[in-house]
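**Student:** Please find start31.cif (mmCIF, C-alpha atoms; chains and numbers go by the auth columns) on the next line:
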data_start
loop_
_atom_site.group_PDB
_atom_site.id
_atom_site.type_symbol
_atom_site.label_atom_id
_atom_site.label_comp_id
_atom_site.label_asym_id
_atom_site.label_seq_id
_atom_site.Cartn_x
_atom_site.Cartn_y
_atom_site.Cartn_z
_atom_site.B_iso_or_equiv
_atom_site.auth_seq_id
_atom_site.auth_asym_id
ATOM 1 C CA MET A 1 4.252 9.579 17.236 0.00 1 H
ATOM 2 C CA ASN A 2 5.844 12.982 17.890 0.00 2 H
ATOM 3 C CA VAL A 3 7.073 14.379 14.562 0.00 3 H
ATOM 4 C CA GLU A 4 7.586 17.794 12.994 0.00 4 H
ATOM 5 C CA VAL A 5 7.481 18.200 9.229 0.00 5 H
ATOM 6 C CA GLU A 6 7.820 20.826 6.535 0.00 6 H
ATOM 7 C CA HIS A 7 6.138 20.270 3.175 0.00 7 H
ATOM 8 C CA ARG A 8 7.550 22.116 0.165 0.00 8 H
ATOM 9 C CA PHE A 9 6.787 22.078 -3.568 0.00 9 H
ATOM 10 C CA SER A 10 9.086 23.362 -6.323 0.00 10 H
ATOM 11 C CA ASP A 11 8.612 23.435 -10.076 0.00 11 H
ATOM 12 C CA LYS A 12 12.141 24.772 -10.660 0.00 12 H
ATOM 13 C CA ASP A 13 14.534 22.546 -12.603 0.00 13 H
ATOM 14 C CA THR A 14 17.498 23.776 -10.584 0.00 14 H
ATOM 15 C CA GLY A 15 18.709 23.368 -7.024 0.00 15 H
ATOM 16 C CA CYS A 16 20.566 20.911 -4.786 0.00 16 H
ATOM 17 C CA GLU A 17 23.250 20.258 -7.417 0.00 17 H
ATOM 18 C CA ARG A 18 26.038 20.391 -4.836 0.00 18 H
ATOM 19 C CA PRO A 19 26.527 17.323 -2.580 0.00 19 H
ATOM 20 C CA HIS A 20 25.125 18.060 0.855 0.00 20 H
ATOM 21 C CA ARG A 21 23.604 16.465 3.968 0.00 21 H
ATOM 22 C CA HIS A 22 20.707 17.230 6.293 0.00 22 H
ATOM 23 C CA ASP A 23 20.349 16.406 9.959 0.00 23 H
ATOM 24 C CA TYR A 24 16.766 15.360 9.195 0.00 24 H
ATOM 25 C CA ALA A 25 15.126 12.802 6.892 0.00 25 H
ATOM 26 C CA VAL A 26 13.612 13.777 3.535 0.00 26 H
ATOM 27 C CA LEU A 27 10.837 12.140 1.518 0.00 27 H
ATOM 28 C CA SER A 28 10.397 13.196 -2.116 0.00 28 H
ATOM 29 C CA THR A 29 8.258 12.416 -5.146 0.00 29 H
ATOM 30 C CA VAL A 30 7.716 14.191 -8.468 0.00 30 H
ATOM 31 C CA THR A 31 4.479 15.162 -10.195 0.00 31 H
ATOM 32 C CA GLY A 32 5.868 14.683 -13.697 0.00 32 H
ATOM 33 C CA GLY A 33 9.055 13.953 -15.579 0.00 33 H
ATOM 34 C CA ARG A 34 12.201 12.658 -13.913 0.00 34 H
ATOM 35 C CA ILE A 35 14.931 13.689 -11.486 0.00 35 H
ATOM 36 C CA GLU A 36 18.240 11.849 -11.333 0.00 36 H
ATOM 37 C CA LEU A 37 19.607 11.827 -7.782 0.00 37 H
ATOM 38 C CA ASN A 38 22.899 10.660 -6.383 0.00 38 H
ATOM 39 C CA VAL A 39 22.300 9.193 -2.924 0.00 39 H
ATOM 40 C CA ARG A 40 25.157 7.550 -1.015 0.00 40 H
ATOM 41 C CA GLY A 41 27.157 7.439 -4.232 0.00 41 H
ATOM 42 C CA THR A 42 24.416 5.648 -6.190 0.00 42 H
ATOM 43 C CA THR A 43 22.381 7.311 -8.944 0.00 43 H
ATOM 44 C CA VAL A 44 18.630 6.741 -8.678 0.00 44 H
ATOM 45 C CA SER A 45 15.709 7.921 -10.796 0.00 45 H
ATOM 46 C CA LEU A 46 12.746 9.653 -9.230 0.00 46 H
ATOM 47 C CA VAL A 47 9.600 9.569 -11.413 0.00 47 H
ATOM 48 C CA PRO A 48 5.866 9.789 -10.642 0.00 48 H
ATOM 49 C CA GLY A 49 4.763 6.918 -8.424 0.00 49 H
ATOM 50 C CA ILE A 50 8.231 6.506 -6.897 0.00 50 H
ATOM 51 C CA LEU A 51 9.004 7.686 -3.386 0.00 51 H
ATOM 52 C CA CYS A 52 12.570 8.414 -2.272 0.00 52 H
ATOM 53 C CA LEU A 53 13.635 8.340 1.372 0.00 53 H
ATOM 54 C CA ILE A 54 16.882 10.138 2.201 0.00 54 H
ATOM 55 C CA PRO A 55 17.864 9.337 5.807 0.00 55 H
ATOM 56 C CA PRO A 56 19.450 11.968 8.078 0.00 56 H
ATOM 57 C CA ASP A 57 23.129 12.797 7.495 0.00 57 H
ATOM 58 C CA THR A 58 23.118 11.126 4.054 0.00 58 H
ATOM 59 C CA LEU A 59 25.232 12.682 1.294 0.00 59 H
ATOM 60 C CA HIS A 60 23.108 13.391 -1.790 0.00 60 H
ATOM 61 C CA HIS A 61 22.607 15.792 -4.676 0.00 61 H
ATOM 62 C CA VAL A 62 20.567 16.284 -7.850 0.00 62 H
ATOM 63 C CA VAL A 63 22.311 15.058 -10.997 0.00 63 H
ATOM 64 C CA SER A 64 19.810 16.212 -13.624 0.00 64 H
ATOM 65 C CA PHE A 65 16.206 17.070 -14.463 0.00 65 H
ATOM 66 C CA SER A 66 14.374 15.758 -17.523 0.00 66 H
ATOM 67 C CA SER A 67 12.829 18.191 -20.008 0.00 67 H
ATOM 68 C CA SER A 68 9.386 16.955 -18.944 0.00 68 H
ATOM 69 C CA PHE A 69 9.968 17.692 -15.241 0.00 69 H
ATOM 70 C CA SER A 70 6.947 19.493 -13.760 0.00 70 H
ATOM 71 C CA GLY A 71 7.589 19.651 -10.036 0.00 71 H
ATOM 72 C CA VAL A 72 8.808 17.883 -6.924 0.00 72 H
ATOM 73 C CA HIS A 73 7.167 17.535 -3.511 0.00 73 H
ATOM 74 C CA THR A 74 9.604 17.348 -0.604 0.00 74 H
ATOM 75 C CA LEU A 75 8.687 16.465 2.945 0.00 75 H
ATOM 76 C CA SER A 76 11.393 17.360 5.470 0.00 76 H
ATOM 77 C CA ILE A 77 10.982 15.365 8.692 0.00 77 H
ATOM 78 C CA LEU A 78 12.513 17.811 11.142 0.00 78 H
ATOM 79 C CA LYS A 79 11.826 15.906 14.336 0.00 79 H
ATOM 80 C CA LEU A 80 11.902 12.135 14.642 0.00 80 H
ATOM 81 C CA PRO A 81 12.383 9.662 17.514 0.00 81 H
ATOM 82 C CA GLU A 82 15.995 8.516 17.858 0.00 82 H
ATOM 83 C CA ASN A 83 15.142 4.849 17.234 0.00 83 H
ATOM 84 C CA LEU A 84 13.741 5.709 13.808 0.00 84 H
ATOM 85 C CA LYS A 85 16.805 7.777 12.919 0.00 85 H
ATOM 86 C CA GLN A 86 19.005 4.794 13.698 0.00 86 H
ATOM 87 C CA LEU A 87 16.725 2.484 11.739 0.00 87 H
ATOM 88 C CA MET A 88 16.899 4.615 8.611 0.00 88 H
ATOM 89 C CA HIS A 89 20.694 4.751 8.790 0.00 89 H
ATOM 90 C CA ARG A 90 20.691 0.953 8.527 0.00 90 H
ATOM 91 C CA LEU A 91 18.530 0.790 5.413 0.00 91 H
ATOM 92 C CA PRO A 92 20.409 -0.842 2.501 0.00 92 H
ATOM 93 C CA ARG A 93 21.116 1.382 -0.478 0.00 93 H
ATOM 94 C CA ARG A 94 18.622 -0.466 -2.633 0.00 94 H
ATOM 95 C CA GLU A 95 15.841 0.348 -0.160 0.00 95 H
ATOM 96 C CA ILE A 96 15.828 4.113 -0.385 0.00 96 H
ATOM 97 C CA LEU A 97 13.211 3.883 -3.164 0.00 97 H
ATOM 98 C CA MET A 98 9.742 2.398 -3.135 0.00 98 H
ATOM 99 C CA ARG A 99 7.171 2.184 -5.917 0.00 99 H
ATOM 100 C CA ASP A 100 3.716 3.065 -4.642 0.00 100 H
ATOM 101 C CA GLU A 101 1.395 5.491 -6.412 0.00 101 H
ATOM 102 C CA ALA A 102 -1.067 5.572 -3.515 0.00 102 H
ATOM 103 C CA VAL A 103 1.595 6.616 -1.012 0.00 103 H
ATOM 104 C CA CYS A 104 2.979 9.257 -3.375 0.00 104 H
ATOM 105 C CA ALA A 105 -0.518 10.681 -3.848 0.00 105 H
ATOM 106 C CA GLU A 106 -0.896 10.906 -0.091 0.00 106 H
ATOM 107 C CA LEU A 107 2.402 12.748 0.262 0.00 107 H
ATOM 108 C CA ILE A 108 1.118 15.293 -2.253 0.00 108 H
ATOM 109 C CA GLU A 109 -2.481 15.590 -1.068 0.00 109 H
ATOM 110 C CA ARG A 110 -2.793 14.665 2.605 0.00 110 H
ATOM 111 C CA ASP A 111 -1.900 16.451 5.797 0.00 111 H
ATOM 112 C CA ALA A 112 1.866 16.041 5.980 0.00 112 H
ATOM 113 C CA ALA A 113 2.157 15.279 9.681 0.00 113 H
ATOM 114 C CA ARG A 114 -0.443 12.512 9.502 0.00 114 H
ATOM 115 C CA PHE A 115 1.266 11.070 6.432 0.00 115 H
ATOM 116 C CA VAL A 116 4.579 10.859 8.264 0.00 116 H
ATOM 117 C CA GLU A 117 2.933 9.168 11.243 0.00 117 H
ATOM 118 C CA ASP A 118 1.520 6.478 8.951 0.00 118 H
ATOM 119 C CA PHE A 119 4.688 6.054 6.936 0.00 119 H
ATOM 120 C CA MET A 120 7.064 5.923 9.881 0.00 120 H
ATOM 121 C CA ALA A 121 4.791 3.548 11.754 0.00 121 H
ATOM 122 C CA GLU A 122 5.172 1.147 8.841 0.00 122 H
ATOM 123 C CA ILE A 123 8.952 1.413 8.887 0.00 123 H
ATOM 124 C CA CYS A 124 8.823 0.648 12.618 0.00 124 H
ATOM 125 C CA LEU A 125 6.566 -2.329 12.001 0.00 125 H
ATOM 126 C CA TYR A 126 8.402 -3.873 9.074 0.00 126 H
ATOM 127 C CA GLY A 127 11.968 -2.791 9.800 0.00 127 H
ATOM 128 C CA SER A 128 12.659 -1.481 6.290 0.00 128 H
ATOM 129 C CA MET A 129 11.187 -0.165 3.088 0.00 129 H
ATOM 130 C CA PRO A 130 10.537 -2.704 0.343 0.00 130 H
ATOM 131 C CA ALA A 131 13.168 -2.707 -2.401 0.00 131 H
ATOM 132 C CA ILE A 132 11.948 -1.346 -5.706 0.00 132 H
ATOM 133 C CA GLN A 133 11.672 -3.864 -8.521 0.00 133 H
ATOM 134 C CA GLU A 134 12.644 -2.198 -11.791 0.00 134 H
ATOM 135 C CA GLY A 135 10.248 -2.950 -14.629 0.00 135 H
ATOM 136 C CA SER A 136 7.422 -4.130 -12.361 0.00 136 H
ATOM 137 C CA ALA A 137 5.014 -2.404 -10.020 0.00 137 H
ATOM 138 C CA SER A 138 5.507 -3.793 -6.538 0.00 138 H
ATOM 139 C CA ARG A 139 2.395 -3.736 -4.369 0.00 139 H
ATOM 140 C CA HIS A 140 2.234 -1.913 -1.087 0.00 140 H
ATOM 141 C CA TRP A 141 3.271 -4.208 1.755 0.00 141 H
ATOM 142 C CA THR A 142 0.244 -3.324 3.886 0.00 142 H
ATOM 143 C CA ALA A 143 -2.095 -4.341 1.063 0.00 143 H
ATOM 144 C CA GLU A 144 -0.176 -7.597 0.661 0.00 144 H
ATOM 145 C CA ARG A 145 -0.434 -8.371 4.375 0.00 145 H
ATOM 146 C CA ILE A 146 -4.198 -7.855 4.305 0.00 146 H
ATOM 147 C CA LYS A 147 -4.611 -10.034 1.205 0.00 147 H
ATOM 148 C CA ASN A 148 -2.426 -12.803 2.646 0.00 148 H
ATOM 149 C CA PHE A 149 -4.500 -12.756 5.822 0.00 149 H
ATOM 150 C CA LEU A 150 -7.779 -13.008 3.915 0.00 150 H
ATOM 151 C CA ASP A 151 -6.447 -15.733 1.616 0.00 151 H
ATOM 152 C CA SER A 152 -5.161 -17.832 4.502 0.00 152 H
ATOM 153 C CA ASP A 153 -8.456 -17.901 6.402 0.00 153 H
ATOM 154 C CA ARG A 154 -11.361 -17.412 4.028 0.00 154 H
ATOM 155 C CA GLU A 155 -14.048 -18.643 6.395 0.00 155 H
ATOM 156 C CA ALA A 156 -13.340 -16.663 9.546 0.00 156 H
ATOM 157 C CA ALA A 157 -11.217 -13.747 8.299 0.00 157 H
ATOM 158 C CA ASP A 158 -12.164 -10.480 9.974 0.00 158 H
ATOM 159 C CA ALA A 159 -10.349 -7.717 8.105 0.00 159 H
ATOM 160 C CA SER A 160 -11.482 -4.964 10.476 0.00 160 H
ATOM 161 C CA SER A 161 -10.136 -6.761 13.530 0.00 161 H
ATOM 162 C CA PHE A 162 -6.895 -7.624 11.715 0.00 162 H
ATOM 163 C CA ILE A 163 -6.325 -3.983 10.767 0.00 163 H
ATOM 164 C CA GLU A 164 -7.131 -2.680 14.244 0.00 164 H
ATOM 165 C CA THR A 165 -4.895 -5.132 16.110 0.00 165 H
ATOM 166 C CA THR A 166 -2.030 -5.648 13.643 0.00 166 H
ATOM 167 C CA LEU A 167 -1.567 -2.666 11.323 0.00 167 H
ATOM 168 C CA PRO A 168 -0.620 0.943 12.123 0.00 168 H
ATOM 169 C CA HIS A 169 -3.252 2.518 9.850 0.00 169 H
ATOM 170 C CA THR A 170 -6.926 3.407 9.829 0.00 170 H
ATOM 171 C CA LYS A 171 -9.381 1.175 7.963 0.00 171 H
ATOM 172 C CA GLU A 172 -9.912 3.923 5.389 0.00 172 H
ATOM 173 C CA HIS A 173 -6.189 4.236 4.679 0.00 173 H
ATOM 174 C CA CYS A 174 -5.785 0.459 4.375 0.00 174 H
ATOM 175 C CA ASN A 175 -8.722 0.296 1.993 0.00 175 H
ATOM 176 C CA ARG A 176 -7.154 2.953 -0.259 0.00 176 H
ATOM 177 C CA LEU A 177 -3.868 1.027 -0.325 0.00 177 H
ATOM 178 C CA PHE A 178 -5.667 -2.259 -1.020 0.00 178 H
ATOM 179 C CA LYS A 179 -7.696 -0.794 -3.880 0.00 179 H
ATOM 180 C CA ALA A 180 -4.623 0.791 -5.432 0.00 180 H
ATOM 181 C CA ALA A 181 -2.825 -2.573 -5.293 0.00 181 H
ATOM 182 C CA TYR A 182 -5.615 -4.926 -6.391 0.00 182 H
ATOM 183 C CA GLY A 183 -8.253 -2.783 -8.066 0.00 183 H
ATOM 184 C CA THR A 184 -10.995 -3.617 -5.564 0.00 184 H
ATOM 185 C CA THR A 185 -11.972 -2.819 -2.006 0.00 185 H
ATOM 186 C CA ILE A 186 -11.245 -5.095 0.935 0.00 186 H
ATOM 187 C CA GLN A 187 -14.957 -5.816 1.354 0.00 187 H
ATOM 188 C CA SER A 188 -15.409 -6.686 -2.329 0.00 188 H
ATOM 189 C CA TYR A 189 -12.417 -8.997 -2.213 0.00 189 H
ATOM 190 C CA GLN A 190 -13.829 -10.763 0.856 0.00 190 H
ATOM 191 C CA LEU A 191 -17.157 -11.253 -0.919 0.00 191 H
ATOM 192 C CA MET A 192 -15.350 -12.694 -3.932 0.00 192 H
ATOM 193 C CA LEU A 193 -13.585 -15.228 -1.681 0.00 193 H
ATOM 194 C CA LYS A 194 -16.913 -16.216 -0.117 0.00 194 H
ATOM 195 C CA ALA A 195 -18.496 -16.607 -3.546 0.00 195 H
ATOM 196 C CA GLU A 196 -15.623 -18.819 -4.682 0.00 196 H
ATOM 197 C CA ARG A 197 -16.132 -20.980 -1.604 0.00 197 H
ATOM 198 C CA ALA A 198 -19.842 -21.177 -2.374 0.00 198 H
ATOM 199 C CA ARG A 199 -19.047 -22.415 -5.891 0.00 199 H
ATOM 200 C CA VAL A 200 -17.157 -25.333 -4.383 0.00 200 H
ATOM 201 C CA LEU A 201 -19.941 -26.104 -1.907 0.00 201 H
ATOM 202 C CA LEU A 202 -22.545 -25.991 -4.684 0.00 202 H
ATOM 203 C CA GLN A 203 -21.000 -29.142 -6.130 0.00 203 H
ATOM 204 C CA SER A 204 -22.709 -31.011 -3.281 0.00 204 H
ATOM 205 C CA ASP A 205 -26.455 -31.548 -2.829 0.00 205 H
ATOM 206 C CA ARG A 206 -26.621 -29.511 0.358 0.00 206 H
ATOM 207 C CA PRO A 207 -29.457 -26.988 0.683 0.00 207 H
ATOM 208 C CA LEU A 208 -28.650 -23.511 -0.550 0.00 208 H
ATOM 209 C CA SER A 209 -29.356 -22.066 2.885 0.00 209 H
ATOM 210 C CA GLU A 210 -26.576 -24.252 4.366 0.00 210 H
ATOM 211 C CA VAL A 211 -24.198 -23.381 1.529 0.00 211 H
ATOM 212 C CA ALA A 212 -24.795 -19.671 2.155 0.00 212 H
ATOM 213 C CA LEU A 213 -24.042 -19.873 5.864 0.00 213 H
ATOM 214 C CA GLU A 214 -20.964 -22.083 5.496 0.00 214 H
ATOM 215 C CA ALA A 215 -19.542 -19.823 2.783 0.00 215 H
ATOM 216 C CA GLY A 216 -19.887 -16.864 5.134 0.00 216 H
ATOM 217 C CA PHE A 217 -23.000 -15.104 3.809 0.00 217 H
ATOM 218 C CA TYR A 218 -25.793 -13.776 6.014 0.00 218 H
ATOM 219 C CA ASP A 219 -28.433 -15.914 4.356 0.00 219 H
ATOM 220 C CA GLN A 220 -29.482 -17.463 1.049 0.00 220 H
ATOM 221 C CA SER A 221 -30.689 -14.185 -0.458 0.00 221 H
ATOM 222 C CA HIS A 222 -27.340 -12.553 0.335 0.00 222 H
ATOM 223 C CA LEU A 223 -25.544 -15.435 -1.387 0.00 223 H
ATOM 224 C CA THR A 224 -27.814 -15.186 -4.432 0.00 224 H
ATOM 225 C CA ARG A 225 -27.312 -11.436 -4.820 0.00 225 H
ATOM 226 C CA ILE A 226 -23.509 -11.553 -4.572 0.00 226 H
ATOM 227 C CA PHE A 227 -23.134 -14.757 -6.594 0.00 227 H
ATOM 228 C CA LYS A 228 -25.224 -13.452 -9.483 0.00 228 H
ATOM 229 C CA GLY A 229 -23.376 -10.142 -9.471 0.00 229 H
ATOM 230 C CA LEU A 230 -20.005 -11.901 -9.800 0.00 230 H
ATOM 231 C CA PHE A 231 -20.835 -14.851 -12.070 0.00 231 H
ATOM 232 C CA GLN A 232 -23.998 -13.681 -13.904 0.00 232 H
ATOM 233 C CA LEU A 233 -25.753 -16.836 -12.669 0.00 233 H
ATOM 234 C CA THR A 234 -27.835 -17.573 -9.617 0.00 234 H
ATOM 235 C CA PRO A 235 -26.548 -20.384 -7.372 0.00 235 H
ATOM 236 C CA GLU A 236 -29.457 -22.544 -8.562 0.00 236 H
ATOM 237 C CA ALA A 237 -28.584 -21.957 -12.227 0.00 237 H
ATOM 238 C CA TYR A 238 -24.916 -22.676 -11.536 0.00 238 H
ATOM 239 C CA ARG A 239 -25.795 -25.948 -9.843 0.00 239 H
ATOM 240 C CA ASP A 240 -28.059 -26.893 -12.761 0.00 240 H
ATOM 241 C CA GLN A 241 -25.148 -26.370 -15.163 0.00 241 H
ATOM 242 C CA LEU A 242 -22.978 -28.714 -13.111 0.00 242 H
ATOM 243 C CA GLU A 243 -25.592 -31.447 -13.361 0.00 243 H
ATOM 244 C CA LYS A 244 -25.848 -31.316 -17.154 0.00 244 H
#
Will you turn the file into structure tokens for me?

**Tutor:**
Amino acid sequence: MNVEVEHRFSDKDTGCERPHRHDYAVLSTVTGGRIELNVRGTTVSLVPGILCLIPPDTLHHVVSFSSSFSGVHTLSILKLPENLKQLMHRLPRREILMRDEAVCAELIERDAARFVEDFMAEICLYGSMPAIQEGSASRHWTAERIKNFLDSDREAADASSFIETTLPHTKEHCNRLFKAAYGTTIQSYQLMLKAERARVLLQSDRPLSEVALEAGFYDQSHLTRIFKGLFQLTPEAYRDQLEK
């Protein structure tokens, strides 16, 4: 994607008080405290973990800064394909904010151009930003798509193939988003699903080697290692408990 960006940081609690517009899109997040913004006539709060997207030619201004404000990162997207400009103009007012600590951290820490490529690719793919849910931490939509895929096909799910053919991100980026959303890596979550399937299969009298393969493990020793790590019991001990 051909984009040009400018990344700026300011720790000043003044600026942008007058209503104005840009002919480019702006992404912003704060490192601490709060900024009250008026965007399209609606006042929104920008705090750590919240990302604000201001589309091109959108009237906006800063209403106030909190006493605990410690800085704001602003990413000006100076060049953007026309189809994305039109898409952002159509975003509903409620969708100019998203709650995602992992994405905000990337805006602050990563190479800005690469961040915009990832972020805009997602807007292209999904058609909008997810609306923020006040009072609850909404999970990143990419992480949710990966989890839904794994949950829907526990036996044959191939996360790497799914990411490569369906999502606009690298495996590493998806794994960071997944861990931020669910507290575990994609691989660990897949192993947990396989172990849960093995628990069901252990209710039968089938050999452990067959249980391991059907649950998706390489072999019986692989099943034993993962199962004991998750449930503090070997598969044999778990089966013995069921028979008591």

**Student:** Find the residue from H:Ile35, H:Cys104, H:Ala198, H:Ile96 that sits nearest to Ile50 in chain H; use only C-alpha atoms when measuring.

**Tutor:**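 Once distances to Ile50 in chain H are computed over only C-alpha atoms, the minimum belongs to H:Cys104.
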
**Student:** With distances taken over all atoms listed in the file, which of H:Lys79, H:Lys194, H:Arg21, H:Arg34 is nearest to Glu6 in chain H?

**Tutor:** H:Lys79

**Student:** Do a neighbour search on Ser45 in chain H at 12 Å with all atoms listed in the file, toss out local chain neighbours closer than 5 positions, and write the hits as a list in words.

**Tutor:**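 Those residues are Ser28, Thr29, Val30, Gly33, Arg34, Ile35, Glu36, Leu37, Asn38, Val39, Ile50, Leu51, Cys52, Val62, Val63, Ser64, Phe65, Ser66, Ile96, Leu97, Met98, Arg99, Ile132 and Glu134 of chain H.
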
**Student:** Can you measure CA of Leu208 in chain H to CA of Gln187 in chain H for me? One decimal in Å is fine.

**Tutor:**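 Interatomic distance, CA of Leu208 in chain H to CA of Gln187 in chain H: 22.5 Å.
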
**Student:** Show me, as an MDAnalysis selection string, the residues that have an atom within 9 Å of Met192 in chain H when counting all atoms listed in the file, minus same-chain residues fewer than 3 positions from it.

**Tutor:** chainID H and resid 187:189 195:197 226:227 230

**Student:** Using only C-alpha atoms, find the one residue out of H:Gly32, H:Pro19, H:Gly183, H:Pro235 that sits nearest to Leu202 in chain H.

**Tutor:**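 Using only C-alpha atoms, the shortest distance to Leu202 in chain H belongs to H:Pro235.
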
**Student:** Which residue, H:Ser161, H:Asn175, H:His61, H:Val200, has the smallest gap to Cys16 in chain H when you use all atoms listed in the file?

**Tutor:**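 Checking each of H:Ser161, H:Asn175, H:His61, H:Val200 against Cys16 in chain H, counting all atoms listed in the file, the winner is H:His61.
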
**Student:** I'd like the interatomic distance between CA of His22 in chain H and CA of Gly41 in chain H, to a tenth of an Å.

**Tutor:** 15.8 Å

**Student:** Within 12 Å of Glu101 in chain H, counting all atoms listed in the file, which residues qualify if same-chain residues fewer than 2 places away don't, as a PyMOL selection string?

**Tutor:** chain H and resi 29-31+47-51+98-99+103-108+137-140+176-181

**Student:** Can you list, as a list in words, every protein, DNA or RNA residue that comes within 9 Å of His7 in chain H when you count only C-alpha atoms, leaving out same-chain residues fewer than 6 positions away?

**Tutor:**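 So, after excluding close chain neighbours, the residues are His73, Thr74, Leu75, Ser76, Ile77, Leu107, Ile108 and Ala112 of chain H.
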
**Student:** State, in Å with one decimal place, the distance from CA of Arg239 in chain H to CA of Glu210 in chain H.

**Tutor:**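 Distance reported for this atom pair: 14.3 Å.
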
**Student:** Given all atoms listed in the file as the basis, pick out the residue of H:Thr42, H:Arg199, H:Gln190, H:Tyr24 nearest to Gln241 in chain H.

**Tutor:**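 Closest candidate: H:Arg199.
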
**Student:** Taking the file as shown, what set of residues would the PyMOL selection byres ((chain H and resi 12) around 9) give back, as a list in words?

**Tutor:** Ser10, Asp11, Asp13, Thr14, Gly15, Phe69, Ser70, Gly71 and Val72 of chain H

**Student:** Could you name the residues that touch Ala159 in chain H at 9 Å or less, counting only C-alpha atoms, but leaving out those on the same chain fewer than 5 positions away, as a short mmCIF file (atom, residue, chain, number, x, y, z; two decimals) with C-alpha atoms, in the coordinates of the input?

**Tutor:**
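Final output, saved to result.cif:
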data_model
loop_
_atom_site.label_atom_id
_atom_site.label_comp_id
_atom_site.auth_asym_id
_atom_site.auth_seq_id
_atom_site.Cartn_x
_atom_site.Cartn_y
_atom_site.Cartn_z
CA ILE H 146 -4.20 -7.86 4.30
CA PHE H 149 -4.50 -12.76 5.82
CA LEU H 150 -7.78 -13.01 3.92
CA GLU H 164 -7.13 -2.68 14.24
CA LYS H 171 -9.38 1.18 7.96
CA ILE H 186 -11.24 -5.10 0.94
CA GLN H 187 -14.96 -5.82 1.35
CA GLN H 190 -13.83 -10.76 0.86
#

**Student:** Rank H:Ser68, H:Ser152, H:Thr142, H:Gln203 by their smallest atom-to-atom distance to Cys174 in chain H, using all atoms listed in the file, and report the top residue only.

**Tutor:**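 Ranked by minimum distance to Cys174 in chain H, first place goes to H:Thr142.
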